[in-house]
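Here the structure is laid out as structure tokens; the discussion comes afterwards.
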Amino acid sequence: MRPDLRPGRGGVDPRNPLQKRVEKSVGAIYNYFLNSESDSKEPILHRERHITYLKKGLKNLPEGFVSLDASRPWLVYWAVHALELLDVKLTNEEAAGIIGFLKHCQNPTGGFGGGPGQYSHLAPTYAAVNALAIIGTQEAYDAINREKLQEFLWEMHNDEGAFRMHEGGEVDIRGAYCAVSVARLTNVYTDQLFSGTAHWIMRCQSYEGGFSGTPGMEAHGGYTFCGLAALTLLHAHHLCHTPALLRWAVNRQMRFEGGFQGRTNKLVDGCYSFWQGGLFPILHTLLTQEDAVNISAEHWMFHQEALQEYLLLCCQHQRGGLIDKPGKGPDFYHTCYTLSGMSVAQHFSTPAIHKKCIVGHPSNELATVHPLFNIGVESAVSATQYFNNLPRLQLRQRSKTNDNINNEESQVQT
């Protein structure tokens with residue numbers, strides 16, 4: 001455990017009663033662990049509990065999940081990716097069931113909806129493509145209609161280079177990331193499909209250094225990941241003001257808790273272990289290209305041990321699944337992103353170097369996550385190899401509807 005635990009840092013007013021409450025609960029957990037008379041002083045990842053929790057969710061969900069009916073591919077992706085990180089391979093029956101379900105979510109006009117019969121939407125399209133890439137069989141890959149997917153992406157692209165989330169929907173930086181992520185993974189990317197996108201994304205980098213959802217708004221961890229990852233996938237990372245982004249990102253790790261906050265003056269949240277933590281492998285690669293001599297060859301530029309301690313001691317639910325912070329209940333979203341962030345913290349991995357930093361028992365080690373796609377590295381490599389061996393698609397433009405053009409004018413705020 002870190003000996004220098006003191007309240008503060010992260011841009012949170014120490015007088016904030018909510019911050020005081022979080023620090024009190026986290027401090028009690030850390031003190032209990034340090035003063036425990038147990039023979040083991042190593043934090044343990046309760047792997048089997050989490051596997052049971054996730055496997056159960058793949059089969060049946062309680063009625064309270066009806067509010068997520070438009071996010072069903074997300075529920076699949078969160079569970080499948082978390083199981084992947086826990087080194088669990090789906091059975092043939094489980095994989096076939098997921099592939100069949102996601103096929104029903106895919107629309108004849110391209111893209112995936114939030115459930116069977118729902119409008120195509122970039123967010124569940126990203127989730128569905130990632131889930132199929134994780135399954136990684138030819139049946140899973142071939143379930144994706146690449147030609148129609150490319151047409152759907154083009155329909156969502158507007159004249160400024162941004163992307164609508166769905167027909168008639170909102171325009172924000174998530175759309176750009178979801179679009180370029182699936183395009184790169186499935187080899188439907190063309191320069192024309194993403195014309196103007198990098199420059200639109202750069203309009204979202206705020207004075208703080210992070211990225212906002214749309215130009216002129218507040219920097220946010222999830223949007224910042226989307227912005228940086230999208231720029232990198234577009235090979236336009238040179239446009240980013242990297243020093244400002246690095247300054248903003250390192251100040252989002254909470255000195256007392258060890259986890260990350262999503263925005264300035266907000267509380268720690270387990271999900272930002274990936275949304276913020278996932279920035280650092282990307283930043284490290286970009287900075288190494290500029291100055292390989294002065295960049296560490298052993299650690300990311302955040303406290304990897306502190307993050308793992310927070311996740312292992314404060315974010316595991318006793319019945320399985322992982323959580324936001326002490327006192328919260330488990331869900332598939334937080335289970336997925338806390339494990340993704342833990343994987344980033346455990347593995348310092350570059351093309352030339354791979355160093356492990358495993359807090360606690362060696363059995364805590366997770367599979368290595370790909371920071372750009374947030375699927376396992378092996379899944380990302382296998383999927384890109386498969387799709388890159390298929391013929392490259394040429395963008396067949398269709399005239400965009402008047403409704404879409406009108407929506408572009410009304411949704412994108414300059």
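Each chain in the structure tokens gets a letter, A, B, ..., in the order shown, and its residues are numbered from 1; ligands are numbered from 1 in order too.
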Contacts of Leu267 (chain A) at 8 Å or less, counting only C-alpha atoms, minus same-chain residues fewer than 5 places along, as a ChimeraX atom specification? /A:12,18-19,22,261-262
Atoms kept (C-alpha atoms) for selection, written as a PDB file, in the first residue's frame:
ATOM      1  CA  VAL A  12     -11.852  18.510  -5.919  1.00  0.00           C
ATOM      2  CA  LEU A  18     -19.470  14.278  -1.033  1.00  0.00           C
ATOM      3  CA  GLN A  19     -15.694  14.157  -1.466  1.00  0.00           C
ATOM      4  CA  VAL A  22     -15.879   9.121  -0.378  1.00  0.00           C
ATOM      5  CA  GLN A 261     -12.272  11.184 -11.817  1.00  0.00           C
ATOM      6  CA  GLY A 262     -14.018  12.012 -15.089  1.00  0.00           C
TER       7      GLY A 262
END
Expected answer as a list in words: strand (DSSP E or B) residues in region 29-166 of chain A: Gln106, Phe112, Gly113, Ser120, His121, His157, Phe163, Arg164 and His166 of chain A
How about saving the chosen residues, N, CA, C and O atoms kept, as a compact mmCIF listing (two decimals), in the first residue's frame?
# COMPACT_ATOMS: atom_id res chain seq x y z
N GLN A 106 -28.83 -6.24 -36.56
CA GLN A 106 -28.27 -5.59 -37.75
C GLN A 106 -29.38 -5.28 -38.73
O GLN A 106 -30.23 -6.13 -39.02
N PHE A 112 -26.01 -1.49 -36.68
CA PHE A 112 -26.75 -2.27 -35.69
C PHE A 112 -27.59 -1.34 -34.82
O PHE A 112 -27.15 -0.25 -34.46
N GLY A 113 -28.77 -1.81 -34.49
CA GLY A 113 -29.63 -1.07 -33.57
C GLY A 113 -29.42 -1.54 -32.14
O GLY A 113 -28.68 -2.49 -31.87
N SER A 120 -30.70 1.79 -36.61
CA SER A 120 -29.24 1.68 -36.50
C SER A 120 -28.69 2.90 -35.78
O SER A 120 -29.16 4.03 -35.96
N HIS A 121 -27.67 2.66 -34.97
CA HIS A 121 -27.11 3.69 -34.09
C HIS A 121 -25.62 3.39 -33.97
O HIS A 121 -25.22 2.23 -33.84
N HIS A 157 -22.21 10.64 -41.61
CA HIS A 157 -21.19 11.67 -41.78
C HIS A 157 -21.81 12.95 -42.30
O HIS A 157 -22.67 12.92 -43.19
N PHE A 163 -20.06 13.14 -37.04
CA PHE A 163 -20.98 12.03 -37.27
C PHE A 163 -22.19 12.13 -36.34
O PHE A 163 -22.04 12.40 -35.14
N ARG A 164 -23.38 11.93 -36.93
CA ARG A 164 -24.58 11.77 -36.12
C ARG A 164 -24.56 10.39 -35.50
O ARG A 164 -24.06 9.43 -36.09
N HIS A 166 -27.29 8.61 -34.94
CA HIS A 166 -28.29 7.86 -35.69
C HIS A 166 -29.03 8.84 -36.57
O HIS A 166 -28.83 10.07 -36.47
Residue neighbourhood region 332-341 of chain A, 6 Å, only C-alpha atoms, exclusion window fewer than 6 positions, as a tab-separated table (two decimals) with C-alpha atoms, in the first residue's frame:
chain	number	residue	atom	x	y	z
A	78	TRP	CA	-19.57	-5.39	-21.70
A	82	ALA	CA	-15.00	-8.55	-19.28
A	270	GLY	CA	-14.16	3.06	-11.34
A	271	CYS	CA	-15.18	3.33	-15.01
A	273	SER	CA	-9.94	3.60	-14.90
A	274	PHE	CA	-10.19	2.96	-18.62
A	277	GLY	CA	-6.20	5.31	-17.84
A	321	GLY	CA	-19.14	-7.69	-10.50
A	322	LEU	CA	-17.31	-4.40	-10.08
A	323	ILE	CA	-18.55	-0.99	-9.05
Tell me, as a PyMOL selection string, which residues lie within 12 Å of Pro243 (chain A), counting only C-alpha atoms; anything in the same chain fewer than 2 positions away does not count. chain A and resi 207-210+238-241+245-250+283-284+286-287+290
Now that the selection is made, can you save its residues with all heavy atoms as a compact mmCIF listing (two decimals), in the first residue's frame?
# COMPACT_ATOMS: atom_id res chain seq x y z
N TYR A 207 -9.83 24.41 -23.55
CA TYR A 207 -8.71 25.15 -22.95
C TYR A 207 -8.06 24.37 -21.82
O TYR A 207 -6.88 24.58 -21.50
CB TYR A 207 -9.21 26.50 -22.43
CG TYR A 207 -10.05 26.39 -21.17
CD1 TYR A 207 -9.48 26.51 -19.91
CD2 TYR A 207 -11.43 26.16 -21.25
CE1 TYR A 207 -10.25 26.39 -18.76
CE2 TYR A 207 -12.20 26.04 -20.12
CZ TYR A 207 -11.61 26.15 -18.88
OH TYR A 207 -12.37 26.02 -17.74
N GLU A 208 -8.81 23.42 -21.23
CA GLU A 208 -8.23 22.60 -20.15
C GLU A 208 -7.21 21.59 -20.68
O GLU A 208 -6.33 21.15 -19.95
CB GLU A 208 -9.33 21.83 -19.43
CG GLU A 208 -10.31 22.67 -18.66
CD GLU A 208 -11.36 21.80 -18.01
OE1 GLU A 208 -11.15 21.37 -16.86
OE2 GLU A 208 -12.39 21.52 -18.66
N GLY A 209 -7.37 21.18 -21.93
CA GLY A 209 -6.48 20.19 -22.51
C GLY A 209 -7.19 18.92 -22.91
O GLY A 209 -6.76 18.21 -23.82
N GLY A 210 -8.28 18.58 -22.20
CA GLY A 210 -9.07 17.41 -22.57
C GLY A 210 -10.04 17.74 -23.70
O GLY A 210 -10.05 18.86 -24.23
N HIS A 238 -1.04 14.20 -34.70
CA HIS A 238 -0.14 15.36 -34.68
C HIS A 238 -0.92 16.66 -34.50
O HIS A 238 -0.34 17.69 -34.11
CB HIS A 238 0.67 15.42 -35.97
CG HIS A 238 -0.18 15.51 -37.20
ND1 HIS A 238 -0.78 14.40 -37.77
CD2 HIS A 238 -0.54 16.57 -37.98
CE1 HIS A 238 -1.47 14.77 -38.83
NE2 HIS A 238 -1.35 16.08 -38.98
N LEU A 239 -2.21 16.65 -34.77
CA LEU A 239 -3.03 17.85 -34.60
C LEU A 239 -3.30 18.16 -33.13
O LEU A 239 -3.59 19.31 -32.77
CB LEU A 239 -4.36 17.69 -35.34
CG LEU A 239 -4.30 17.51 -36.86
CD1 LEU A 239 -5.69 17.24 -37.40
CD2 LEU A 239 -3.69 18.73 -37.52
N CYS A 240 -3.23 17.14 -32.28
CA CYS A 240 -3.58 17.30 -30.86
C CYS A 240 -2.54 18.13 -30.13
O CYS A 240 -1.33 17.99 -30.36
CB CYS A 240 -3.70 15.92 -30.22
SG CYS A 240 -4.07 15.94 -28.46
N HIS A 241 -3.01 19.01 -29.22
CA HIS A 241 -2.09 19.73 -28.33
C HIS A 241 -1.75 18.78 -27.19
O HIS A 241 -2.40 18.77 -26.14
CB HIS A 241 -2.75 21.01 -27.82
CG HIS A 241 -1.78 21.95 -27.16
ND1 HIS A 241 -0.95 21.57 -26.13
CD2 HIS A 241 -1.53 23.27 -27.39
CE1 HIS A 241 -0.22 22.60 -25.74
NE2 HIS A 241 -0.55 23.65 -26.50
N LEU A 245 -3.06 18.16 -23.11
CA LEU A 245 -3.83 16.95 -22.81
C LEU A 245 -3.16 16.13 -21.71
O LEU A 245 -3.83 15.65 -20.80
CB LEU A 245 -3.97 16.10 -24.07
CG LEU A 245 -4.62 14.73 -23.90
CD1 LEU A 245 -5.99 14.84 -23.24
CD2 LEU A 245 -4.72 14.00 -25.24
N LEU A 246 -1.85 15.99 -21.76
CA LEU A 246 -1.13 15.23 -20.74
C LEU A 246 -1.29 15.88 -19.37
O LEU A 246 -1.53 15.19 -18.37
CB LEU A 246 0.34 15.12 -21.12
CG LEU A 246 1.23 14.35 -20.14
CD1 LEU A 246 0.77 12.90 -20.00
CD2 LEU A 246 2.69 14.40 -20.59
N ARG A 247 -1.19 17.19 -19.32
CA ARG A 247 -1.35 17.91 -18.04
C ARG A 247 -2.74 17.67 -17.46
O ARG A 247 -2.90 17.41 -16.26
CB ARG A 247 -1.10 19.40 -18.24
CG ARG A 247 -1.22 20.22 -16.96
CD ARG A 247 -0.95 21.70 -17.19
NE ARG A 247 -1.92 22.29 -18.12
CZ ARG A 247 -1.61 22.73 -19.33
NH1 ARG A 247 -0.37 22.62 -19.78
NH2 ARG A 247 -2.55 23.26 -20.11
N TRP A 248 -3.75 17.74 -18.31
CA TRP A 248 -5.12 17.52 -17.85
C TRP A 248 -5.31 16.08 -17.39
O TRP A 248 -5.89 15.82 -16.33
CB TRP A 248 -6.09 17.83 -18.99
CG TRP A 248 -7.53 17.66 -18.63
CD1 TRP A 248 -8.33 18.57 -17.99
CD2 TRP A 248 -8.36 16.51 -18.88
NE1 TRP A 248 -9.60 18.06 -17.83
CE2 TRP A 248 -9.65 16.80 -18.37
CE3 TRP A 248 -8.14 15.29 -19.49
CZ2 TRP A 248 -10.70 15.89 -18.44
CZ3 TRP A 248 -9.18 14.37 -19.57
CH2 TRP A 248 -10.45 14.68 -19.05
N ALA A 249 -4.78 15.12 -18.15
CA ALA A 249 -5.00 13.70 -17.85
C ALA A 249 -4.33 13.28 -16.54
O ALA A 249 -4.95 12.57 -15.72
CB ALA A 249 -4.48 12.83 -19.00
N VAL A 250 -3.08 13.69 -16.30
CA VAL A 250 -2.39 13.25 -15.08
C VAL A 250 -3.05 13.82 -13.84
O VAL A 250 -2.99 13.22 -12.75
CB VAL A 250 -0.89 13.61 -15.11
CG1 VAL A 250 -0.19 12.89 -16.25
CG2 VAL A 250 -0.66 15.11 -15.19
N LEU A 283 -0.94 8.13 -25.38
CA LEU A 283 -0.05 9.28 -25.21
C LEU A 283 1.41 8.85 -25.20
O LEU A 283 2.27 9.53 -25.76
CB LEU A 283 -0.39 10.01 -23.90
CG LEU A 283 -1.64 10.90 -23.92
CD1 LEU A 283 -2.03 11.31 -22.51
CD2 LEU A 283 -1.39 12.14 -24.78
N HIS A 284 1.69 7.73 -24.54
CA HIS A 284 3.06 7.25 -24.46
C HIS A 284 3.62 6.98 -25.86
O HIS A 284 4.76 7.36 -26.17
CB HIS A 284 3.11 5.97 -23.62
CG HIS A 284 4.46 5.65 -23.10
ND1 HIS A 284 4.87 5.97 -21.82
CD2 HIS A 284 5.52 5.03 -23.69
CE1 HIS A 284 6.10 5.57 -21.64
NE2 HIS A 284 6.54 4.98 -22.75
N LEU A 286 2.62 8.31 -28.68
CA LEU A 286 2.78 9.57 -29.41
C LEU A 286 4.00 10.34 -28.93
O LEU A 286 4.78 10.86 -29.74
CB LEU A 286 1.52 10.43 -29.25
CG LEU A 286 0.19 9.80 -29.68
CD1 LEU A 286 -0.92 10.82 -29.56
CD2 LEU A 286 0.28 9.25 -31.09
N LEU A 287 4.21 10.39 -27.62
CA LEU A 287 5.34 11.13 -27.07
C LEU A 287 6.66 10.44 -27.37
O LEU A 287 7.69 11.11 -27.55
CB LEU A 287 5.16 11.31 -25.56
CG LEU A 287 4.02 12.24 -25.16
CD1 LEU A 287 3.75 12.15 -23.65
CD2 LEU A 287 4.34 13.68 -25.54
N GLU A 290 8.11 11.52 -30.50
CA GLU A 290 8.71 12.85 -30.47
C GLU A 290 10.02 12.88 -29.68
O GLU A 290 10.94 13.61 -30.04
CB GLU A 290 7.72 13.84 -29.84
CG GLU A 290 6.40 13.97 -30.60
CD GLU A 290 5.40 14.84 -29.87
OE1 GLU A 290 5.78 15.46 -28.85
OE2 GLU A 290 4.23 14.90 -30.29
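Taking CA of Leu312 (chain A) and CA of Val359 (chain A) as the two end points, the separation is 8.8 Å.
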Residue neighbourhood Asn364 (chain A), 8 Å, only C-alpha atoms, exclusion window fewer than 4 positions, as number ranges by chain: A: 44-45, 47, 358-360
Expected file contents, prior selection, all heavy atoms, as a PDB file, in the first residue's frame:
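selection-v7.pdb, freshly written:
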ATOM      1  N   ILE A  44      -6.710  -9.467  -3.586  1.00  0.00           N
ATOM      2  CA  ILE A  44      -7.063 -10.586  -4.449  1.00  0.00           C
ATOM      3  C   ILE A  44      -8.182 -10.184  -5.400  1.00  0.00           C
ATOM      4  O   ILE A  44      -9.182  -9.581  -4.987  1.00  0.00           O
ATOM      5  CB  ILE A  44      -7.521 -11.804  -3.618  1.00  0.00           C
ATOM      6  CG1 ILE A  44      -6.397 -12.274  -2.694  1.00  0.00           C
ATOM      7  CG2 ILE A  44      -7.979 -12.940  -4.532  1.00  0.00           C
ATOM      8  CD1 ILE A  44      -5.192 -12.826  -3.414  1.00  0.00           C
ATOM      9  N   LEU A  45      -8.022 -10.513  -6.677  1.00  0.00           N
ATOM     10  CA  LEU A  45      -9.107 -10.365  -7.639  1.00  0.00           C
ATOM     11  C   LEU A  45     -10.004 -11.582  -7.526  1.00  0.00           C
ATOM     12  O   LEU A  45      -9.565 -12.712  -7.752  1.00  0.00           O
ATOM     13  CB  LEU A  45      -8.544 -10.256  -9.062  1.00  0.00           C
ATOM     14  CG  LEU A  45      -9.581 -10.180 -10.192  1.00  0.00           C
ATOM     15  CD1 LEU A  45     -10.378  -8.879 -10.115  1.00  0.00           C
ATOM     16  CD2 LEU A  45      -8.911 -10.327 -11.560  1.00  0.00           C
ATOM     17  N   ARG A  47     -11.891 -13.523  -9.076  1.00  0.00           N
ATOM     18  CA  ARG A  47     -12.142 -13.871 -10.468  1.00  0.00           C
ATOM     19  C   ARG A  47     -13.411 -14.711 -10.663  1.00  0.00           C
ATOM     20  O   ARG A  47     -14.258 -14.418 -11.502  1.00  0.00           O
ATOM     21  CB  ARG A  47     -10.917 -14.603 -11.016  1.00  0.00           C
ATOM     22  CG  ARG A  47     -10.947 -14.900 -12.500  1.00  0.00           C
ATOM     23  CD  ARG A  47      -9.673 -15.638 -12.890  1.00  0.00           C
ATOM     24  NE  ARG A  47      -8.489 -14.811 -12.676  1.00  0.00           N
ATOM     25  CZ  ARG A  47      -7.910 -14.071 -13.616  1.00  0.00           C
ATOM     26  NH1 ARG A  47      -8.408 -14.075 -14.844  1.00  0.00           N
ATOM     27  NH2 ARG A  47      -6.831 -13.360 -13.339  1.00  0.00           N
ATOM     28  N   ILE A 358       1.863  -6.182 -11.588  1.00  0.00           N
ATOM     29  CA  ILE A 358       0.700  -6.851 -11.005  1.00  0.00           C
ATOM     30  C   ILE A 358       0.666  -6.599  -9.505  1.00  0.00           C
ATOM     31  O   ILE A 358       1.552  -7.046  -8.770  1.00  0.00           O
ATOM     32  CB  ILE A 358       0.726  -8.375 -11.264  1.00  0.00           C
ATOM     33  CG1 ILE A 358       1.029  -8.674 -12.738  1.00  0.00           C
ATOM     34  CG2 ILE A 358      -0.588  -9.006 -10.821  1.00  0.00           C
ATOM     35  CD1 ILE A 358       0.021  -8.160 -13.704  1.00  0.00           C
ATOM     36  N   VAL A 359      -0.320  -5.862  -9.033  1.00  0.00           N
ATOM     37  CA  VAL A 359      -0.499  -5.648  -7.599  1.00  0.00           C
ATOM     38  C   VAL A 359      -1.225  -6.855  -7.013  1.00  0.00           C
ATOM     39  O   VAL A 359      -2.213  -7.336  -7.580  1.00  0.00           O
ATOM     40  CB  VAL A 359      -1.287  -4.357  -7.327  1.00  0.00           C
ATOM     41  CG1 VAL A 359      -1.704  -4.264  -5.861  1.00  0.00           C
ATOM     42  CG2 VAL A 359      -0.465  -3.135  -7.721  1.00  0.00           C
ATOM     43  N   GLY A 360      -0.743  -7.347  -5.884  1.00  0.00           N
ATOM     44  CA  GLY A 360      -1.382  -8.484  -5.234  1.00  0.00           C
ATOM     45  C   GLY A 360      -0.892  -9.808  -5.784  1.00  0.00           C
ATOM     46  O   GLY A 360       0.200  -9.924  -6.348  1.00  0.00           O
TER      47      GLY A 360
END
Report as a list in words all protein, DNA and RNA residues lying within 8 Å of Ala380 (chain A), evaluated on only C-alpha atoms, omitting residues in the same chain fewer than 5 positions from it.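 Within the cut-off, the hits are Ala133, Ile134, Leu185, His370, Phe373 and Ile375 of chain A.
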Near-Ser349 (chain A) list (12 Å; only C-alpha atoms; drop same-chain fewer than 2 positions) as a list of chain:residue names: A:Phe280, A:Pro281, A:Ile282, A:His284, A:Thr285, A:Ser296, A:Ala297, A:Glu298, A:His299, A:Trp300, A:Ser343, A:Val344, A:Ala345, A:Gln346, A:His347, A:Pro351, A:Ala352, A:Ile353, A:His354, A:Lys355, A:Lys356, A:Cys357, A:Ala367, A:Thr368, A:Val369, A:His370, A:Pro371, A:Val377
Preceding selection exported with N, CA, C and O atoms as a tab-separated table (two decimals), in the first residue's frame:
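Contents of again-v2.tsv, freshly written:
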chain	number	residue	atom	x	y	z
A	280	PHE	N	-3.21	6.87	-21.49
A	280	PHE	CA	-1.77	6.90	-21.29
A	280	PHE	C	-0.98	5.99	-22.23
A	280	PHE	O	0.10	6.40	-22.69
A	281	PRO	N	-1.44	4.79	-22.56
A	281	PRO	CA	-0.70	4.04	-23.59
A	281	PRO	C	-0.67	4.76	-24.94
A	281	PRO	O	0.34	4.72	-25.65
A	282	ILE	N	-1.77	5.43	-25.29
A	282	ILE	CA	-1.81	6.17	-26.55
A	282	ILE	C	-0.86	7.37	-26.48
A	282	ILE	O	-0.05	7.60	-27.39
A	284	HIS	N	1.69	7.73	-24.54
A	284	HIS	CA	3.06	7.25	-24.46
A	284	HIS	C	3.62	6.98	-25.86
A	284	HIS	O	4.76	7.36	-26.17
A	285	THR	N	2.82	6.34	-26.69
A	285	THR	CA	3.25	6.05	-28.06
A	285	THR	C	3.51	7.33	-28.83
A	285	THR	O	4.54	7.46	-29.53
A	296	SER	N	9.73	7.15	-20.28
A	296	SER	CA	10.00	5.91	-19.55
A	296	SER	C	9.80	4.68	-20.43
A	296	SER	O	8.89	4.62	-21.25
A	297	ALA	N	10.67	3.69	-20.22
A	297	ALA	CA	10.54	2.40	-20.89
A	297	ALA	C	10.05	1.34	-19.92
A	297	ALA	O	10.17	0.14	-20.18
A	298	GLU	N	9.45	1.78	-18.80
A	298	GLU	CA	9.00	0.84	-17.78
A	298	GLU	C	7.60	1.12	-17.26
A	298	GLU	O	6.91	0.20	-16.81
A	299	HIS	N	7.15	2.37	-17.28
A	299	HIS	CA	5.87	2.72	-16.66
A	299	HIS	C	5.09	3.69	-17.52
A	299	HIS	O	5.67	4.51	-18.24
A	300	TRP	N	3.75	3.61	-17.43
A	300	TRP	CA	2.91	4.66	-17.97
A	300	TRP	C	3.05	5.90	-17.09
A	300	TRP	O	3.56	5.82	-15.96
A	343	SER	N	-6.36	-3.77	-16.56
A	343	SER	CA	-5.46	-4.36	-17.55
A	343	SER	C	-4.43	-3.35	-18.02
A	343	SER	O	-3.23	-3.67	-18.15
A	344	VAL	N	-4.86	-2.12	-18.30
A	344	VAL	CA	-3.92	-1.07	-18.70
A	344	VAL	C	-2.86	-0.87	-17.62
A	344	VAL	O	-1.66	-0.77	-17.90
A	345	ALA	N	-3.30	-0.83	-16.35
A	345	ALA	CA	-2.37	-0.61	-15.24
A	345	ALA	C	-1.41	-1.77	-15.04
A	345	ALA	O	-0.29	-1.58	-14.54
A	346	GLN	N	-1.81	-2.97	-15.40
A	346	GLN	CA	-0.97	-4.15	-15.19
A	346	GLN	C	0.07	-4.34	-16.28
A	346	GLN	O	1.11	-4.97	-16.04
A	347	HIS	N	-0.20	-3.83	-17.48
A	347	HIS	CA	0.64	-4.16	-18.63
A	347	HIS	C	1.21	-2.90	-19.26
A	347	HIS	O	0.47	-2.12	-19.88
A	351	PRO	N	5.35	-1.86	-28.79
A	351	PRO	CA	5.80	-2.83	-29.80
A	351	PRO	C	7.10	-3.53	-29.44
A	351	PRO	O	7.33	-4.66	-29.85
A	352	ALA	N	7.95	-2.86	-28.64
A	352	ALA	CA	9.26	-3.44	-28.34
A	352	ALA	C	9.39	-3.97	-26.91
A	352	ALA	O	10.29	-4.76	-26.63
A	353	ILE	N	8.51	-3.54	-26.01
A	353	ILE	CA	8.67	-3.86	-24.58
A	353	ILE	C	7.35	-4.30	-24.00
A	353	ILE	O	6.29	-3.77	-24.35
A	354	HIS	N	7.39	-5.26	-23.09
A	354	HIS	CA	6.20	-5.64	-22.33
A	354	HIS	C	6.63	-5.91	-20.90
A	354	HIS	O	7.29	-6.91	-20.62
A	355	LYS	N	6.30	-5.02	-19.98
A	355	LYS	CA	6.60	-5.17	-18.57
A	355	LYS	C	5.31	-5.25	-17.77
A	355	LYS	O	4.38	-4.49	-18.01
A	356	LYS	N	5.29	-6.17	-16.82
A	356	LYS	CA	4.10	-6.36	-16.01
A	356	LYS	C	4.23	-5.64	-14.68
A	356	LYS	O	5.31	-5.54	-14.11
A	357	CYS	N	3.09	-5.15	-14.19
A	357	CYS	CA	3.02	-4.50	-12.89
A	357	CYS	C	1.76	-5.02	-12.21
A	357	CYS	O	0.70	-4.39	-12.27
A	367	ALA	N	-5.88	-10.36	-19.09
A	367	ALA	CA	-5.41	-10.31	-20.47
A	367	ALA	C	-5.11	-8.86	-20.84
A	367	ALA	O	-5.65	-7.92	-20.25
A	368	THR	N	-4.26	-8.68	-21.81
A	368	THR	CA	-3.85	-7.33	-22.23
A	368	THR	C	-4.90	-6.72	-23.15
A	368	THR	O	-5.34	-7.35	-24.12
A	369	VAL	N	-5.29	-5.50	-22.84
A	369	VAL	CA	-6.32	-4.81	-23.63
A	369	VAL	C	-5.67	-3.95	-24.71
A	369	VAL	O	-4.57	-3.40	-24.51
A	370	HIS	N	-6.33	-3.84	-25.86
A	370	HIS	CA	-5.89	-2.93	-26.91
A	370	HIS	C	-6.46	-1.55	-26.60
A	370	HIS	O	-7.69	-1.39	-26.57
A	371	PRO	N	-5.62	-0.55	-26.36
A	371	PRO	CA	-6.14	0.73	-25.88
A	371	PRO	C	-6.97	1.51	-26.88
A	371	PRO	O	-7.73	2.40	-26.49
A	377	VAL	N	-5.91	-7.54	-27.09
A	377	VAL	CA	-4.94	-7.34	-28.17
A	377	VAL	C	-5.03	-8.47	-29.19
A	377	VAL	O	-5.03	-8.23	-30.41
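In this structure, CA of Leu311 (chain A) sits 22.8 Å away from CA of Asn16 (chain A).
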Would you please extract all helix (DSSP H, G or I) residues from region 319-378 of chain A, as assigned by DSSP on the backbone, and give them as a count of residues only? 20
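Between CA of Phe65 (chain A) and CA of Asn107 (chain A) lies a distance of 23.3 Å.
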Pick from A:Lys325, A:Glu155, A:Pro14, A:Trp200 nearest to Gly169 (chain A), counting only C-alpha atoms: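 Using only C-alpha atoms, Gly169 (chain A) sits closest to A:Glu155.
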